[in-house]
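Trainee: My questions all concern the structure below.
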Amino acid sequence: MNCQQFTSLIVEAARGRMMDAAARDGAMRHTEACAACAARLAQEQNLTAAFRVVAHDMKDLCAPADVEAKLLAAFHTSLASSNAVASATTTNDAPVPLGVSVAPPSHASLGTRRVSRAALAIAASLVLAALVALYAQFTRTTPSQQDSAANNQPERGQQSSPQHADTTNVSSPLASSNATSAPLSEGERPQAQRRDVVLRASRQLARRATPKMITSSQVIDGGSAIIEAGEGESARGGAGSSGGATRPNEPESMTDFISLVADQTPAPPLESGQLVRVQVPRAALASLGLPLNAERGNEPVKADVLVGYDGLARAIRFVR
Amino acid sequence: MKASPEHSDEELLRLTIAGDADAFTTLYRRRQAGIYRFALQMCGSETIAEDVTQEVFMTLVRDPRMFDPARGSLASYLYGIARNQVLRRLEKERHFVAMTDEATEDGNGSATASAEQLADGHDPLADLARHELIETVQQAVLSLPAHYREVVVLCELHEMSYVEAAAALGCAVGTVRSRLHRARALLVGRLREVRETDAATAPQVDPLRCFA
């Protein structure tokens with residue numbers, strides 16, 4: 001054994017704790033041959049002896065008696081409060097274990113209220129989905145009709161480009177997010193991807209389908225009274241006659257689609273849907289972060305809403 | 001099941017959770033001295049040690065389910081709480097320095113003890129040397145950085161194994177071993193310095209004037 005190996009064993013040897021017998025013998029033999037290591041071992045053994053003296057000297061020290069009294073009082077208080085909470089919330093008289101927290105009654109009733117609201121929302125969504133599906137059944141057109149309607153109608157992307165710069169200017173940050181290449185944080189990426197999926201699907205559907213015209217009041221009424229059924233230019237002509245800002249045969253300009261899917265709540269995937277034209281109060285522009293002319297705040301504005309077959313509105317675009 | 005001293009710490013904790021005050025008292029009486037001494041040896045203040053002991057067991061009263069048996073013994077868990085409390089207190093009070101040792105201020109008490117020791121046939125010089133040694137070692141331990149000090153206190157003064165100390169400190173066994181080696185080396189160096197300083201400042205006796 002050399003001095004370096006001895007150094008790795010010196011504390012164990014000095015402390016007198018259990019160690020490998022061969023290593024201990026080797027260390028002892030080394031100290032017989034090396035005076036410096038023998039001196040270091042002696043110092044370490046003196047230190048161990050000093051520690052034992054200190055430990056022995058302090059072995060009877062303990063916390064004052066009043067600490068125990070305080071802790072017992074705290075223990076009983078904690079136990080009593082746990083039992084009080086339990087008796088207030090349950091009819092069971094069994095003591096509540098220490099450290100178990102029981103939810104206060106207000107929280108419990110709040111939870112029930114939340115559940116009932118959620119159930120109501122789900123039921124409403126289902127009813128809306130059924131209505132939209134019914135509407136789709138009634139207004140389904142043949143593929144040839146759809147193709148001819150699509151051929152008559154200019155491409156949406158072309159419409160919203162340069163000659164209608166005033167309309168594209170009002171596209172929201174949401175709508176333009178897929179066009180920009182600003183770096184996103186880890187948390188923002190899935191949300192942005194979800195928005196992109198919705199917006200891509202919206203554009204594809206917009207190319208295939210033609211909006212149906214209904215009024216906002218009809219939508220609010222649950223969509224039971226649906227639609228001036230019509231497609232393509234004829235539908236937009238109807239919209240103009242029903243109070244919209246567009247006149248018949250006048251080319252429309254429209255914003256890009258704006259996602260209506262909340263960032264925090266993942267929506268079910270959009271496999272198919274319906275594009276529904278509605279009239280909404282102009283104030284809706286402001287609620288989506290678009291600029292609003294206050295003087296014309298009372299006038300309605302046309303919009304195309306993409307509604308999935310699950311009944312959820314996915315995206316909206318405004319039409320002028 | 002009634003709490004008794006034969007129960008393990010974990011059984012006593014289970015009874016405590018069920019609301020058994022006797023189990024809590026038994027557990028407290030079994031573990032409080034070690035926790036108190038650990039805190040005292042870590043910080044050198046009886047007041048802080050008392051507060052830390054109280055806080056450790058208050059934590060157990062407030063939230064006994066925080067203890068996870070899979071991560072170590074209850075004793076290690078309690079030492080771990082005590083360690084965190086001590087470090088927090090030391091951090092808070094590091095700007096304050098104790099002027100005197102509370103235990104050595106009582107002159108009358110010391111005199112009475114010395115008289116009793118003389119009557120019992122104790123060697124006062126040996127006792128003095130012993131007290132000096134204890135004081136010196138305690139001061140040397142207190143002068144160590146906290147991460148070395150806690151290892152020395154647990155492994156040397158509380159005679160814990162490396163595994164127990166590692167569980168209490170929340171670190172690897174190898175870390176405990178290496179810190180102990182380093183701490184002991186520091187202590188040997190400091191104690192040597194103290195000895196050399198004492199020797200240098202000791203009054204010189206002129207042998208020519210000594211006629212004894």
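Simple scheme: letters A, B, ... for chains in structure tokens order, numbers from 1 for residues in each chain, numbers from 1 for ligands in the order shown.
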Can you work out which residues from chain A touch chain B at a cut-off of 7 Å (counting only C-alpha atoms) and hand them back as an MDAnalysis selection string?
Mentor: chainID A and resid 11 43 51:55 61:63 67 71 75 79 97:99
Trainee: Go ahead and dump the residues you just picked, C-alpha atoms, as an mmCIF file, in the first residue's frame.
Mentor:
data_model
loop_
_atom_site.group_PDB
_atom_site.id
_atom_site.type_symbol
_atom_site.label_atom_id
_atom_site.label_comp_id
_atom_site.auth_asym_id
_atom_site.auth_seq_id
_atom_site.Cartn_x
_atom_site.Cartn_y
_atom_site.Cartn_z
ATOM 1 C CA VAL A 11 -10.587 8.212 8.119
ATOM 2 C CA GLN A 43 -3.910 13.078 14.438
ATOM 3 C CA PHE A 51 -15.428 13.848 19.007
ATOM 4 C CA ARG A 52 -16.302 11.064 21.421
ATOM 5 C CA VAL A 53 -15.582 13.316 24.365
ATOM 6 C CA VAL A 54 -17.829 16.027 22.934
ATOM 7 C CA ALA A 55 -20.603 13.560 22.106
ATOM 8 C CA LEU A 61 -28.855 17.534 26.542
ATOM 9 C CA CYS A 62 -32.451 17.717 25.433
ATOM 10 C CA ALA A 63 -35.123 20.256 24.613
ATOM 11 C CA VAL A 67 -41.505 22.505 24.179
ATOM 12 C CA LEU A 71 -46.367 20.631 20.935
ATOM 13 C CA PHE A 75 -51.453 18.459 18.520
ATOM 14 C CA LEU A 79 -56.982 17.243 16.097
ATOM 15 C CA PRO A 97 -57.174 11.660 11.122
ATOM 16 C CA LEU A 98 -54.559 14.285 11.786
ATOM 17 C CA GLY A 99 -53.367 16.126 8.735
#
Trainee: Which residues in region 7-111 of chain B does DSSP call alpha helix (DSSP H)? List them as a VMD selection string.
Mentor: chain B and resid 9 to 17 21 to 43 46 to 62 74 to 92 107 to 111
Trainee: What does the structure give for the distance between CA of Tyr79 (chain B) and CA of Tyr162 (chain B), in Å to one decimal?
Mentor: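 Separation of CA of Tyr79 (chain B) and CA of Tyr162 (chain B): 13.9 Å.
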Trainee: Out of B:Val56, B:Glu132, B:Phe67, B:Ala140, which residue has the shortest atom-to-atom distance to Gln85 (chain B) when counting only C-alpha atoms?
Mentor: B:Val56
Trainee: With distances taken over only C-alpha atoms, which of A:Pro281, A:Gly308, A:Pro64, A:Gly297 is nearest to Leu260 (chain A)?
Mentor: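 Looking at the shortest contact to Leu260 (chain A), the residue is A:Gly308.
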